Each structure stands twice: as structure tokens, then as C-alpha cells.
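Printed here is entry_20.txt (compact mmCIF, C-alpha atoms):
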```txt
# COMPACT_ATOMS: atom_id res chain seq x y z
CA MET A 1 0.00 0.00 0.00
CA TYR A 2 2.15 2.78 -1.33
CA LEU A 3 2.12 5.59 -3.88
CA GLU A 4 4.85 7.13 -5.99
CA VAL A 5 4.69 10.92 -6.18
CA GLU A 6 6.74 13.18 -8.43
CA SER A 7 7.37 16.76 -7.32
CA ASN A 8 7.33 19.83 -9.56
CA LYS A 9 11.12 19.69 -9.55
CA GLY A 10 11.05 16.15 -10.94
CA ASN A 11 12.10 14.43 -7.72
CA ARG A 12 10.44 11.11 -6.92
CA TYR A 13 9.03 10.04 -3.57
CA LEU A 14 7.32 6.97 -2.14
CA PHE A 15 4.44 7.50 0.26
CA ASP A 16 3.72 4.53 2.52
CA GLY A 17 0.00 4.48 3.32
CA LEU A 18 0.53 2.29 6.41
CA SER A 19 3.40 4.07 8.16
CA ASN A 20 2.79 7.59 6.75
CA GLU A 21 6.50 7.74 5.88
CA ILE A 22 7.58 9.59 2.75
CA TYR A 23 10.81 8.26 1.24
CA SER A 24 12.99 10.06 -1.29
CA LEU A 25 13.76 7.80 -4.27
CA LYS A 26 17.03 7.79 -6.18
CA PRO A 27 16.69 8.68 -9.87
CA ASP A 28 17.66 5.18 -11.00
CA PHE A 29 15.39 3.35 -8.53
CA LYS A 30 12.61 1.51 -10.33
CA ILE A 31 9.42 0.24 -8.72
CA THR A 32 8.16 -2.82 -10.56
CA ALA A 33 4.44 -3.39 -10.94
CA GLY A 34 3.00 -5.21 -7.94
CA ALA A 35 6.20 -4.90 -5.89
CA SER A 36 5.73 -6.16 -2.35
CA ARG A 37 6.31 -4.12 0.78
CA ASN A 38 9.09 -6.48 1.71
CA SER A 39 10.91 -6.02 -1.61
CA LEU A 40 10.71 -2.24 -1.15
CA GLY A 41 11.98 -2.44 2.41
CA LEU A 42 8.77 -1.01 3.90
CA PRO A 43 7.94 -1.85 7.54
CA ASN A 44 5.48 -4.60 8.35
CA ILE A 45 2.53 -2.75 9.89
CA GLU A 46 -0.95 -4.13 10.48
CA ARG A 47 -3.95 -1.87 9.94
CA PHE A 48 -6.95 -2.27 12.26
CA VAL A 49 -10.22 -1.18 10.65
CA THR A 50 -12.54 -2.02 13.50
CA PRO A 51 -15.21 -0.40 15.70
CA ASP A 52 -14.03 1.46 18.75
CA SER A 53 -13.08 -0.96 21.52
CA GLN A 54 -14.12 1.45 24.30
CA THR A 55 -17.60 2.35 23.09
CA GLU A 56 -19.38 1.75 26.40
CA SER A 57 -16.87 3.66 28.49
CA LYS A 58 -16.79 6.62 26.10
CA LEU A 59 -20.56 6.66 25.76
CA ASN A 60 -21.03 6.89 29.52
CA ASN A 61 -18.17 9.25 30.34
CA LEU A 62 -16.96 11.20 27.32
CA ALA A 63 -20.06 12.50 25.55
CA LYS A 64 -19.04 15.77 23.95
CA THR A 65 -21.86 17.50 22.07
CA LEU A 66 -25.62 17.65 22.49
CA ILE A 67 -27.56 19.09 19.55
CA ILE A 68 -31.05 20.22 20.47
CA GLU A 69 -33.55 20.70 17.66
CA LEU A 70 -35.92 23.24 19.16
CA THR A 71 -38.29 23.49 16.21
CA GLU A 72 -38.81 22.25 12.68
CA GLN A 73 -40.13 25.65 11.60
CA CYS A 74 -38.02 28.09 9.63
CA ASN A 75 -38.52 31.64 8.38
CA LEU A 76 -36.69 30.89 5.10
CA ARG A 77 -37.37 28.42 2.30
CA CYS A 78 -33.94 27.80 0.82
CA THR A 79 -34.25 26.21 -2.60
CA TYR A 80 -31.69 23.47 -1.86
CA CYS A 81 -32.97 22.62 1.63
CA VAL A 82 -33.71 18.92 2.13
CA PHE A 83 -36.44 19.73 4.64
CA ASP A 84 -39.15 20.30 2.07
CA ASP A 85 -41.76 18.25 0.22
CA ALA A 86 -39.30 17.09 -2.44
CA TYR A 87 -37.58 14.77 0.06
CA SER A 88 -40.17 12.35 1.36
CA LYS A 89 -37.85 10.66 3.87
CA GLU A 90 -36.90 13.94 5.53
CA ARG A 91 -38.93 15.84 8.05
CA SER A 92 -40.65 18.98 6.77
CA HIS A 93 -40.91 22.60 7.95
CA SER A 94 -43.70 21.64 10.34
CA SER A 95 -44.89 23.43 13.46
CA THR A 96 -43.36 20.73 15.70
CA LYS A 97 -41.59 22.15 18.75
CA LEU A 98 -39.55 20.45 21.42
CA ASP A 99 -41.21 20.00 24.80
CA ILE A 100 -39.17 22.05 27.27
CA SER A 101 -39.39 19.48 30.09
CA LEU A 102 -38.16 16.74 27.76
CA ALA A 103 -35.29 18.98 26.69
CA LYS A 104 -34.26 19.47 30.32
CA GLU A 105 -34.41 15.74 30.92
CA LYS A 106 -32.11 15.10 27.96
CA ILE A 107 -29.72 17.87 29.04
CA TYR A 108 -29.48 16.23 32.46
CA ASN A 109 -28.82 12.81 30.90
CA PHE A 110 -26.14 14.40 28.72
CA PHE A 111 -24.62 16.06 31.80
CA CYS A 112 -24.35 12.66 33.48
CA ARG A 113 -22.22 11.25 30.68
CA ALA A 114 -20.38 14.35 29.42
CA ASN A 115 -16.67 15.07 29.65
CA GLU A 116 -14.94 18.27 30.68
CA ASP A 117 -15.47 19.94 27.29
CA ALA A 118 -19.23 19.81 26.83
CA TYR A 119 -21.05 21.65 24.04
CA ILE A 120 -24.73 22.34 23.55
CA ILE A 121 -25.83 23.38 20.07
CA PHE A 122 -29.32 24.75 19.46
CA TYR A 123 -30.69 23.67 16.12
CA GLY A 124 -33.74 23.96 13.89
CA GLY A 125 -35.42 24.86 11.61
CA GLU A 126 -34.41 28.28 12.75
CA PRO A 127 -33.48 28.06 16.47
CA LEU A 128 -33.90 31.80 17.13
CA LEU A 129 -37.63 31.41 16.54
CA GLU A 130 -37.60 29.74 19.98
CA PHE A 131 -35.39 32.25 21.76
CA LYS A 132 -37.28 32.07 25.07
CA GLU A 133 -36.57 28.35 25.13
CA ILE A 134 -32.89 29.00 24.37
CA ILE A 135 -32.74 31.28 27.41
CA GLU A 136 -34.43 28.76 29.70
CA LEU A 137 -32.38 25.78 28.52
CA THR A 138 -29.10 27.72 28.63
CA ASN A 139 -29.73 28.74 32.22
CA TYR A 140 -30.71 25.19 33.13
CA ALA A 141 -27.58 23.73 31.55
CA LYS A 142 -25.40 26.27 33.37
CA SER A 143 -26.98 25.25 36.68
CA LEU A 144 -25.72 21.71 36.02
CA PHE A 145 -22.40 22.25 34.28
CA SER A 146 -21.34 25.55 35.82
CA GLU A 147 -18.40 26.64 33.63
CA ARG A 148 -18.00 23.28 31.86
CA VAL A 149 -20.39 23.92 28.99
CA LYS A 150 -20.24 26.10 25.88
CA PHE A 151 -23.16 27.11 23.69
CA SER A 152 -23.63 27.66 19.99
CA PHE A 153 -26.19 27.65 17.21
CA THR A 154 -26.42 28.05 13.46
CA THR A 155 -28.83 30.69 12.22
CA ASN A 156 -29.95 32.16 8.94
CA GLY A 157 -29.53 35.55 10.63
CA MET A 158 -33.02 36.85 9.96
CA ALA A 159 -33.95 36.83 13.67
CA LEU A 160 -30.53 37.87 15.00
CA THR A 161 -31.98 41.08 16.40
CA GLU A 162 -30.89 43.60 19.01
CA ASP A 163 -33.15 42.32 21.76
CA LYS A 164 -31.05 39.12 21.87
CA PHE A 165 -27.56 40.62 21.89
CA ASP A 166 -27.01 40.99 25.64
CA PHE A 167 -27.96 37.40 26.42
CA LEU A 168 -25.84 35.95 23.61
CA ILE A 169 -22.82 38.01 24.60
CA GLU A 170 -23.21 37.31 28.31
CA ASN A 171 -23.29 33.55 27.63
CA ASP A 172 -20.45 33.66 25.12
CA PHE A 173 -22.39 31.99 22.32
CA LEU A 174 -20.55 30.88 19.21
CA ILE A 175 -22.83 31.80 16.30
CA THR A 176 -22.63 30.48 12.76
CA VAL A 177 -24.53 32.61 10.25
CA SER A 178 -25.47 31.14 6.88
CA LEU A 179 -24.63 33.39 3.92
CA ASP A 180 -24.30 31.94 0.46
CA GLY A 181 -21.19 33.71 -0.71
CA PHE A 182 -22.45 36.81 -2.46
CA LYS A 183 -25.69 38.75 -2.70
CA LYS A 184 -26.93 37.59 -6.12
CA ASN A 185 -26.36 33.93 -5.36
CA HIS A 186 -27.68 34.20 -1.80
CA ASP A 187 -30.90 35.97 -2.79
CA SER A 188 -31.60 33.43 -5.53
CA LYS A 189 -31.37 30.52 -3.05
CA ARG A 190 -32.13 31.75 0.46
CA ILE A 191 -35.59 33.26 0.20
CA THR A 192 -38.35 33.99 2.71
CA ILE A 193 -41.63 32.10 2.94
CA ASN A 194 -43.11 34.78 0.69
CA GLY A 195 -40.31 34.41 -1.87
CA ASN A 196 -38.45 37.61 -0.93
CA PRO A 197 -34.62 37.94 -0.79
CA SER A 198 -32.88 37.88 2.60
CA TRP A 199 -29.31 39.21 2.11
CA ASP A 200 -29.94 42.87 2.98
CA ARG A 201 -31.83 42.09 6.17
CA ILE A 202 -29.14 39.68 7.38
CA MET A 203 -26.41 42.20 6.58
CA SER A 204 -28.31 44.83 8.55
CA ASN A 205 -28.47 42.50 11.57
CA LEU A 206 -24.75 41.73 11.31
CA GLU A 207 -23.96 45.43 11.11
CA LYS A 208 -25.98 46.04 14.28
CA ILE A 209 -24.26 43.35 16.30
CA LYS A 210 -20.83 44.51 15.10
CA SER A 211 -21.65 48.08 16.14
CA TYR A 212 -23.01 46.85 19.47
CA ASN A 213 -19.94 44.78 20.37
CA SER A 214 -17.15 44.54 17.79
CA TYR A 215 -15.08 42.10 19.88
CA PHE A 216 -17.97 39.65 20.10
CA TYR A 217 -18.65 40.01 16.39
CA ASP A 218 -15.01 39.44 15.44
CA SER A 219 -14.45 36.48 17.76
CA LYS A 220 -17.83 34.72 17.97
CA ILE A 221 -19.54 35.15 14.61
CA ILE A 222 -18.62 32.54 11.98
CA ILE A 223 -19.95 32.50 8.43
CA ASN A 224 -21.11 29.33 6.68
CA SER A 225 -21.40 29.45 2.91
CA VAL A 226 -23.05 26.84 0.72
CA ILE A 227 -21.30 26.73 -2.64
CA ASN A 228 -23.71 25.74 -5.37
CA SER A 229 -20.99 25.59 -8.00
CA ILE A 230 -17.20 25.75 -7.95
CA GLU A 231 -17.51 28.45 -10.61
CA ASP A 232 -18.87 30.76 -7.88
CA LEU A 233 -15.50 30.92 -6.10
CA GLU A 234 -14.35 34.09 -7.87
CA ASN A 235 -17.50 35.98 -6.89
CA ILE A 236 -17.35 34.62 -3.35
CA ASN A 237 -13.70 35.68 -2.92
CA TYR A 238 -14.54 39.14 -4.24
CA GLU A 239 -17.39 39.54 -1.75
CA ILE A 240 -15.29 38.29 1.15
CA ASN A 241 -12.54 40.81 0.38
CA HIS A 242 -14.74 43.84 -0.28
CA ASN A 243 -17.59 43.49 2.20
CA LEU A 244 -16.53 45.18 5.45
CA LEU A 245 -18.65 42.75 7.46
CA LEU A 246 -16.85 39.72 6.00
CA ILE A 247 -13.22 40.81 5.69
CA GLY A 248 -11.12 38.63 7.98
CA LYS A 249 -14.06 36.50 9.13
CA GLU A 250 -13.75 32.77 9.63
CA ILE A 251 -15.77 31.24 6.82
CA ARG A 252 -16.73 27.61 6.42
CA PHE A 253 -17.83 26.17 3.11
CA SER A 254 -20.01 23.27 2.09
CA PHE A 255 -21.83 21.93 -0.94
CA PRO A 256 -25.59 21.21 -0.96
CA ILE A 257 -26.10 17.73 0.52
CA GLN A 258 -27.84 16.37 -2.54
CA ASP A 259 -25.09 17.66 -4.88
CA ALA A 260 -22.05 17.07 -2.66
CA ILE A 261 -20.62 14.09 -4.55
CA LEU A 262 -20.78 15.75 -7.96
CA GLU A 263 -19.58 19.16 -6.75
CA THR A 264 -16.70 17.65 -4.78
CA LYS A 265 -15.58 15.89 -7.95
CA LYS A 266 -15.73 19.23 -9.79
CA TYR A 267 -13.77 20.83 -6.93
CA ASN A 268 -11.01 18.22 -7.25
CA ASN A 269 -10.83 18.74 -11.00
CA PHE A 270 -10.70 22.51 -10.51
CA ASN A 271 -7.82 22.15 -8.06
CA SER A 272 -5.86 19.92 -10.43
CA GLU A 273 -6.34 22.37 -13.27
CA ASN A 274 -5.30 25.33 -11.10
CA TYR A 275 -2.55 23.64 -9.10
CA SER A 276 0.09 26.30 -9.77
CA GLU A 277 -2.25 29.03 -8.53
CA ILE A 278 -3.05 27.05 -5.38
CA GLN A 279 0.67 26.62 -4.74
CA LYS A 280 1.12 30.39 -4.95
CA ILE A 281 -1.68 30.87 -2.41
CA PHE A 282 0.15 28.60 0.04
CA LEU A 283 3.53 30.15 -0.68
CA ASN A 284 2.21 33.65 -0.07
CA LYS A 285 0.06 32.53 2.88
CA ASN A 286 -2.75 34.30 1.03
CA PHE A 287 -5.64 32.60 2.82
CA LEU A 288 -7.58 35.70 3.81
CA GLU A 289 -8.29 36.33 0.15
CA ASN A 290 -8.90 32.64 -0.55
CA SER A 291 -10.92 31.45 2.42
CA PHE A 292 -12.11 28.32 0.64
CA TYR A 293 -8.59 26.85 0.72
CA LYS A 294 -8.08 27.88 4.32
CA ASP A 295 -11.24 26.01 5.29
CA ARG A 296 -10.74 22.88 3.21
CA LEU A 297 -7.30 22.21 1.75
CA LEU A 298 -5.06 23.85 4.37
CA PRO A 299 -6.17 21.57 7.27
CA LEU A 300 -5.46 18.48 5.15
CA VAL A 301 -1.99 19.71 4.14
CA LYS A 302 -1.19 20.50 7.78
CA LYS A 303 -2.50 17.11 8.87
CA ILE A 304 0.04 15.54 6.48
CA ALA A 305 2.79 17.86 7.74
CA PHE A 306 2.22 16.93 11.38
CA ARG A 307 1.26 13.28 10.86
CA LYS A 308 2.10 10.39 13.17
CA LEU A 309 4.55 7.85 11.83
CA GLY A 310 5.32 4.15 11.99
CA ASN A 311 3.21 1.98 14.26
CA ASP A 312 1.51 5.13 15.59
CA ALA A 313 0.43 6.27 12.12
CA GLN A 314 -3.20 5.21 12.37
CA ASN A 315 -3.46 6.45 15.96
CA GLY A 316 -3.74 9.99 14.62
CA LYS A 317 -7.01 9.10 12.90
CA LYS A 318 -10.24 10.22 14.52
CA LYS A 319 -12.98 7.62 14.84
CA CYS A 320 -16.57 8.64 15.26
CA VAL A 321 -18.34 6.83 18.09
CA PRO A 322 -22.09 7.38 17.68
CA PHE A 323 -23.71 9.22 20.61
CA VAL A 324 -20.28 10.17 21.97
CA ASN A 325 -19.04 12.82 19.55
CA ARG A 326 -22.59 14.01 18.92
CA THR A 327 -26.05 13.28 20.25
CA TYR A 328 -28.93 14.81 18.33
CA LEU A 329 -32.26 15.40 20.07
CA ARG A 330 -35.06 15.86 17.54
CA SER A 331 -38.00 18.16 18.27
CA ASN A 332 -40.32 15.13 18.42
CA GLY A 333 -38.17 13.48 21.11
CA ASP A 334 -36.27 11.05 18.87
CA ILE A 335 -32.53 10.70 19.47
CA GLN A 336 -30.00 10.22 16.66
CA PHE A 337 -26.22 10.17 16.49
CA CYS A 338 -25.91 13.12 14.12
CA GLU A 339 -28.01 15.92 12.65
CA ARG A 340 -26.91 15.06 9.09
CA ILE A 341 -28.48 11.61 8.67
CA SER A 342 -32.17 12.41 8.02
CA SER A 343 -34.43 9.71 9.49
CA TYR A 344 -31.76 7.05 9.96
CA LYS A 345 -31.41 5.15 13.25
CA LYS A 346 -33.86 6.87 15.59
CA VAL A 347 -33.79 5.98 19.29
CA LYS A 348 -36.50 6.71 21.84
CA ASP A 349 -34.96 5.34 25.03
CA GLU A 350 -31.49 6.47 26.10
CA ASN A 351 -30.96 3.04 27.62
CA ASP A 352 -30.66 1.85 24.01
CA LEU A 353 -27.81 4.17 23.06
CA LEU A 354 -25.08 1.59 23.58
CA LYS A 355 -26.90 -1.07 21.59
CA GLU A 356 -27.57 1.37 18.75
CA SER A 357 -24.03 2.77 18.79
CA GLU A 358 -22.64 -0.73 18.38
CA ALA A 359 -25.17 -1.57 15.67
CA ILE A 360 -24.33 1.60 13.70
CA GLN A 361 -20.62 0.88 13.92
CA LYS A 362 -21.17 -2.72 12.83
CA GLU A 363 -23.15 -1.66 9.75
CA PHE A 364 -20.56 0.97 8.90
CA TYR A 365 -17.59 -1.36 9.19
CA ASP A 366 -19.39 -4.20 7.44
CA ASN A 367 -19.75 -1.86 4.47
CA LYS A 368 -16.39 -0.12 4.66
CA THR A 369 -13.75 -2.45 6.14
CA ASP A 370 -12.59 -3.96 2.85
CA SER A 371 -12.13 -0.64 1.09
CA CYS A 372 -10.70 1.14 4.15
CA SER A 373 -8.17 -1.66 4.65
CA GLN A 374 -6.72 -0.94 1.20
CA CYS A 375 -7.04 2.86 1.20
CA LEU A 376 -3.91 4.99 0.97
CA ALA A 377 -5.69 7.95 2.56
CA TYR A 378 -7.21 6.03 5.48
CA ASN A 379 -4.98 7.49 8.19
CA PHE A 380 -6.05 11.01 7.23
CA CYS A 381 -9.72 10.36 6.58
CA GLU A 382 -12.40 11.81 8.85
CA LEU A 383 -15.36 10.43 6.93
CA CYS A 384 -17.63 9.17 9.70
CA PRO A 385 -20.77 7.01 9.42
CA ALA A 386 -22.87 10.15 8.92
CA SER A 387 -20.91 10.92 5.74
CA PHE A 388 -22.42 7.86 4.09
CA TYR A 389 -26.09 8.17 5.02
CA TYR A 390 -28.44 10.06 2.76
CA ASP A 391 -32.21 10.07 2.46
CA GLY A 392 -32.56 7.61 5.33
CA THR A 393 -30.21 4.86 4.20
CA PHE A 394 -26.57 3.90 3.71
CA SER A 395 -25.60 5.52 0.44
CA SER A 396 -25.17 3.32 -2.62
CA GLN A 397 -22.64 5.93 -3.78
CA HIS A 398 -20.28 5.44 -0.84
CA SER A 399 -17.40 4.38 -3.12
CA GLN A 400 -17.67 7.71 -4.98
CA ILE A 401 -17.55 9.60 -1.68
CA CYS A 402 -14.32 7.78 -0.82
CA ASN A 403 -12.84 8.31 -4.29
CA ASN A 404 -13.45 12.04 -3.94
CA PHE A 405 -11.62 12.17 -0.64
CA ARG A 406 -8.69 10.17 -2.01
CA GLU A 407 -8.32 12.57 -4.92
CA GLU A 408 -8.36 15.49 -2.50
CA PHE A 409 -5.77 13.77 -0.32
CA PHE A 410 -3.44 12.99 -3.24
CA LEU A 411 -3.45 16.66 -4.26
CA ALA A 412 -2.74 17.72 -0.66
CA LEU A 413 0.10 15.18 -0.50
CA LYS A 414 1.72 16.53 -3.67
CA LEU A 415 1.26 20.08 -2.41
CA TYR A 416 2.93 19.13 0.88
CA ILE A 417 5.90 17.60 -0.96
CA ASP A 418 6.33 20.58 -3.29
CA LEU A 419 6.17 23.00 -0.38
CA SER A 420 8.61 20.88 1.65
CA GLU A 421 11.18 21.07 -1.15
CA ILE A 422 11.35 24.83 -0.73
CA ASN A 423 11.49 24.50 3.09
CA ILE A 424 8.21 26.20 3.86
CA LYS A 425 7.37 26.28 7.58
CA PHE A 426 3.98 24.59 7.90
CA SER A 427 3.32 25.93 11.39
CA ASP A 428 3.27 29.43 9.87
CA LEU A 429 0.35 28.53 7.60
CA LYS A 430 -2.71 29.87 9.40
```
Transcribe the structure of this file into C-alpha cells.
Amino acid sequence: MYLEVESNKGNRYLFDGLSNEIYSLKPDFKITAGASRNSLGLPNIERFVTPDSQTESKLNNLAKTLIIELTEQCNLRCTYCVFDDAYSKERSHSSTKLDISLAKEKIYNFFCRANEDAYIIFYGGEPLLEFKEIIELTNYAKSLFSERVKFSFTTNGMALTEDKFDFLIENDFLITVSLDGFKKNHDSKRITINGNPSWDRIMSNLEKIKSYNSYFYDSKIIINSVINSIEDLENINYEINHNLLLIGKEIRFSFPIQDAILETKKYNNFNSENYSEIQKIFLNKNFLENSFYKDRLLPLVKKIAFRKLGNDAQNGKKKCVPFVNRTYLRSNGDIQFCERISSYKKVKDENDLLKESEAIQKEFYDNKTDSCSQCLAYNFCELCPASFYYDGTFSSQHSQICNNFREEFFLALKLYIDLSEINIKFSDLK
């Protein structure tokens, strides 16, 4: 399990997918087709693609994040949203709201199994439509956790109004605001129930909170942008670098769920075609003007730069343990292991979390062990079970999802090697 990589300077390297070692090859060294690890002098390392061996202990003691869906209602009707009538297996924008006493019960149960770094995320629909409930549940959680809990939510920004600022600042909320890159694109996708655009109103709300407390705005407001097409990057970068509310902001990017496989493939092709330009961005540390690469490609390059080696190579890989990393409380009382898996694997009784966590892991590894065992990018992959569930089932396109990540990894690996040859300091890339 190895890969030969040639740098821009024409130097040849061998990447060992088991040990994470990168070996420089002599110009006259030839690798014959099907050469064994032994013939190449690579170490004998065994890969373990198995469920987590400490599921029960982690489930009961190291739960990290509780996501609370307060309501299914939303004040926008985004054209790409999966929560509409076009997706029969998804819930809709109904009037369902979470019972406040049930929410407190689940917060207490989460408290009993949480670790020192506990997070509560309020979710929707649009969570700010239930702001009174956010206040009550935040205060209740603080009475249990004291200083051991942090709060956040994702909002479309329409209800991020002045009457809420003091409470959000006082409780140090981390707030992710959804803005789709630039005004024309945003207003064509993120529309109100009546079909009206939303950009100007959201910008007005952001301006107000920045004027009210600039430190809070700079440090606690994150922007999430859904990219409908890779061709939008130029317009997005222009907006980010000319809009005074967005300059220097942390921005996260994603593709629409239903188009993610196709658009990720386009993204990989775009990167390959524009490799020299991407290299210049990294050389000049020009990430403020190219936030997309800071959010997506930079972390992967740095993960390669600071990788574990040898027998510890796969120990640097994160494994998702359902109901440990995330526990998702639906507004109807159902419990799931992630907010991104539609109607898959719903649990009613928290006594069943261990059984369901083990069952989810078994299904995942039954489907993925063979391919993961042979994957060169495995040690760097963070694709969790939720990455492979769509429309209520394990995706039949899971091999394409993995192929996309491998392509992205191979580009990051080449970029790392090319940058290493000119002695770039990876810790300076921020």
C-alpha cells in the first residue's frame, strides 16, 4: 500500500500508506508493478479497521456535544434545503416544537455522561424562533455544568436582532450565520416564505451586532457558505474581500447535501487544473483572500505535515463513536447520532444508546472495512458514518464519496511535498 509521487522539480518520492513515511527515491530506482512491501523495504505494519473498543466507556463518560432541535419551523425556504416536500424521507418545515421538560431531561442525561469539554448546540429549523426556550435551557444547563459547557447555534440571521444581543454576549455563544457567498447567489437561493430575498436584512443585523460589540462580532460570529458551484468561487472571494462585514471572518464552506458528490468531484478537478495558482496561495500565505482553501485544503496539508509515523500512524485518525461525539435530540423526542443523517437510526430510550451505537458501527464497518483496509488515505480520513447516510439509508454511492476524498488527499500530499522542497514552515500557515 504505497504511492509514488513526483514533485514539480522532478524528484520522486514513495508514500507509505501504512506508516505515513515519505521516502525520497534515487533517480535510477525503479518500482516494478506489484512490488511487495518487503521487496521495497517497507515496515510490516498491520492496519486495524474495527469499531471502537471502548464504546461503552466513552458513551457513559466522554459525551461531547448535544444538539437540540428546538423546532422544525423556519422563516426561510432555501431552494436546496432537504427539509421540504421534495424529500419524502426527511422531516418537513412543520410546526413541531420540542417540549421544554423533555429537553431538560435530555440535558441532564447528557450532563451525566459528558466530559470536561461539553457543548450544547441549538438547532432547527431556525433556532432563534424559539429564543425564550434558548434562554431557559441555557440557564438550566449552566446550573448543572457551571463553567463546563459552551453554547452555539447556526442561524440564517433573519432573527438575530438587538433584543437578543445581551444574552448571547453574556453567555459567550458561538454563532454560525449562513450566507451563500455573495448577494446575487444568496438571494436566488435563500428566500423567505413569501419568496423575498434575505441578504440585505441579514447584513443589517450583522452590522448592528458589530456596532453593538465589535469584539464579540469578530471572535464569535462565523460564516457558513453553501457553494452551489465551484464556478462561484471568484464571486465569493470578491465579496469576502470587499464586504466590510466579511473581511477577515472565519468562513466555512459546504456543498448542498444532494449535490455534494458531484460538486466535490468538480472541486477536485478545478484544483488539479489550477494547481500552480493554489501553490502560490500557500507560498504567499494568502488565505484571507482565498478562504475556501483555508477552510478545506489547508487543514489536510497541515495534517500531512504533522502526521504520526510508523506503528503510531493510524493512531492519529479520529474515529466517530455514535452518541459520543454528537447526540442529536429531535424536536419530536427522537434521538439520533448526528443531525446530518435524516431519518436514519432513531432511538427513543437512552438506555438503548449503547446497543444502537454498536449496531451503527457494525453496519458501517461491514460496508467499509474492505475498502478502508486498502485505502492509501485512510490514516487522514475523517469520513464518519454520517458521511455515508443520505435520504434515510446507507448511500449506494459510498465508493464515490471515498474516491473524492482520495483525490483530494493525493493533491494535498503533492502540495505538501512541493512546499517541503522549498522548506516552507507549515506551522506558519494559518
Distance table requested - stretch 254-315 of chain A against stretch 39-61 of chain A, cut-off 9 Å, all atoms listed in the file: one row per qualifying residue with the closest atom pair and its distance in Å to one decimal, ordered by chain and rising residue number, as a Markdown table.
```
| residue | atom | partner | partner_atom | distance |
| --- | --- | --- | --- | --- |
| A:Gly310 | CA | A:Ile45 | CA | 7.7 |
| A:Asn311 | CA | A:Ile45 | CA | 6.5 |
| A:Gln314 | CA | A:Arg47 | CA | 7.5 |
```
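Considering all atoms listed in the file, the residue among A:Ile227, A:Ser272, A:Asp218, A:Arg12 positioned nearest to A:Lys249 is A:Asp218.
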Within 10 Å of A:Asp200, counting only C-alpha atoms, which residues qualify if same-chain residues fewer than 6 places away don't, as a VMD selection string?
chain A and resid 158 183 187 206
Return the single residue from A:Thr65, A:Ala35, A:Lys430, A:Phe216 that is closest to A:Lys294, with distances computed using all atoms listed in the file.
A:Lys430
What does the distance from atom CA of A:Ile193 to atom CA of A:Gly124 come to in Å, to one decimal?
15.8 Å
Can you measure atom CA of A:Ile135 to atom CA of A:Asn75 for me? One decimal in Å is fine.
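Going from atom CA of A:Ile135 over to atom CA of A:Asn75, I get 19.9 Å.
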Find the spatial neighbours of A:Lys308, counting all atoms listed in the file, within a cut-off of 12 Å - ignore same-chain residues fewer than 6 positions away - and output them as number ranges by chain.
A: 17-22, 302, 314-317, 379-380
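In terms of minimum interatomic distance to A:Leu415, A:Asn271 ranks closest within A:Thr192, A:Ser101, A:Ser211, A:Asn271, counting all atoms listed in the file.
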Once you count only C-alpha atoms, which residues end up no further than 10 Å from (-23.4, 42.5, 18.5) in the file's frame, shown as a list in words?
Leu160, Thr161, Glu162, Lys164, Phe165, Asp166, Leu168, Ile169, Asn205, Leu206, Glu207, Lys208, Ile209, Lys210, Ser211, Tyr212, Asn213, Ser214, Tyr215, Phe216, Tyr217, Asp218, Lys220 and Ile221 of chain A
Just to be explicit: take each residue in the selection above, keep C-alpha atoms, and write the result as a short mmCIF file (atom, residue, chain, number, x, y, z; two decimals), in the frame of the given file.
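Once everything was written out, this is again-v9.cif:
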```
data_model
loop_
_atom_site.label_atom_id
_atom_site.label_comp_id
_atom_site.auth_asym_id
_atom_site.auth_seq_id
_atom_site.Cartn_x
_atom_site.Cartn_y
_atom_site.Cartn_z
CA LEU A 160 -30.53 37.87 15.00
CA THR A 161 -31.98 41.08 16.40
CA GLU A 162 -30.89 43.60 19.01
CA LYS A 164 -31.05 39.12 21.87
CA PHE A 165 -27.56 40.62 21.89
CA ASP A 166 -27.01 40.99 25.64
CA LEU A 168 -25.84 35.95 23.61
CA ILE A 169 -22.82 38.01 24.60
CA ASN A 205 -28.47 42.50 11.57
CA LEU A 206 -24.75 41.73 11.31
CA GLU A 207 -23.96 45.43 11.11
CA LYS A 208 -25.98 46.04 14.28
CA ILE A 209 -24.26 43.35 16.30
CA LYS A 210 -20.83 44.51 15.10
CA SER A 211 -21.65 48.08 16.14
CA TYR A 212 -23.01 46.85 19.47
CA ASN A 213 -19.94 44.78 20.37
CA SER A 214 -17.15 44.54 17.79
CA TYR A 215 -15.08 42.10 19.88
CA PHE A 216 -17.97 39.65 20.10
CA TYR A 217 -18.65 40.01 16.39
CA ASP A 218 -15.01 39.44 15.44
CA LYS A 220 -17.83 34.72 17.97
CA ILE A 221 -19.54 35.15 14.61
#
```
Counting all atoms listed in the file, note down every residue that has an atom within 6 Å of the point (-20.5, 6.6, 14.0) (file coordinates), as an MDAnalysis selection string.
chainID A and resid 320:322 361 384:385
Suppose we keep C-alpha atoms; can you now write the selection as a JSON list (two decimals), in the coordinates of the input?
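Saved as out.json:
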```json
[["chain", "number", "residue", "atom", "x", "y", "z"],
["A", 320, "CYS", "CA", -16.57, 8.64, 15.26],
["A", 321, "VAL", "CA", -18.34, 6.83, 18.09],
["A", 322, "PRO", "CA", -22.09, 7.38, 17.68],
["A", 361, "GLN", "CA", -20.62, 0.88, 13.92],
["A", 384, "CYS", "CA", -17.63, 9.17, 9.70],
["A", 385, "PRO", "CA", -20.77, 7.01, 9.42]]
```
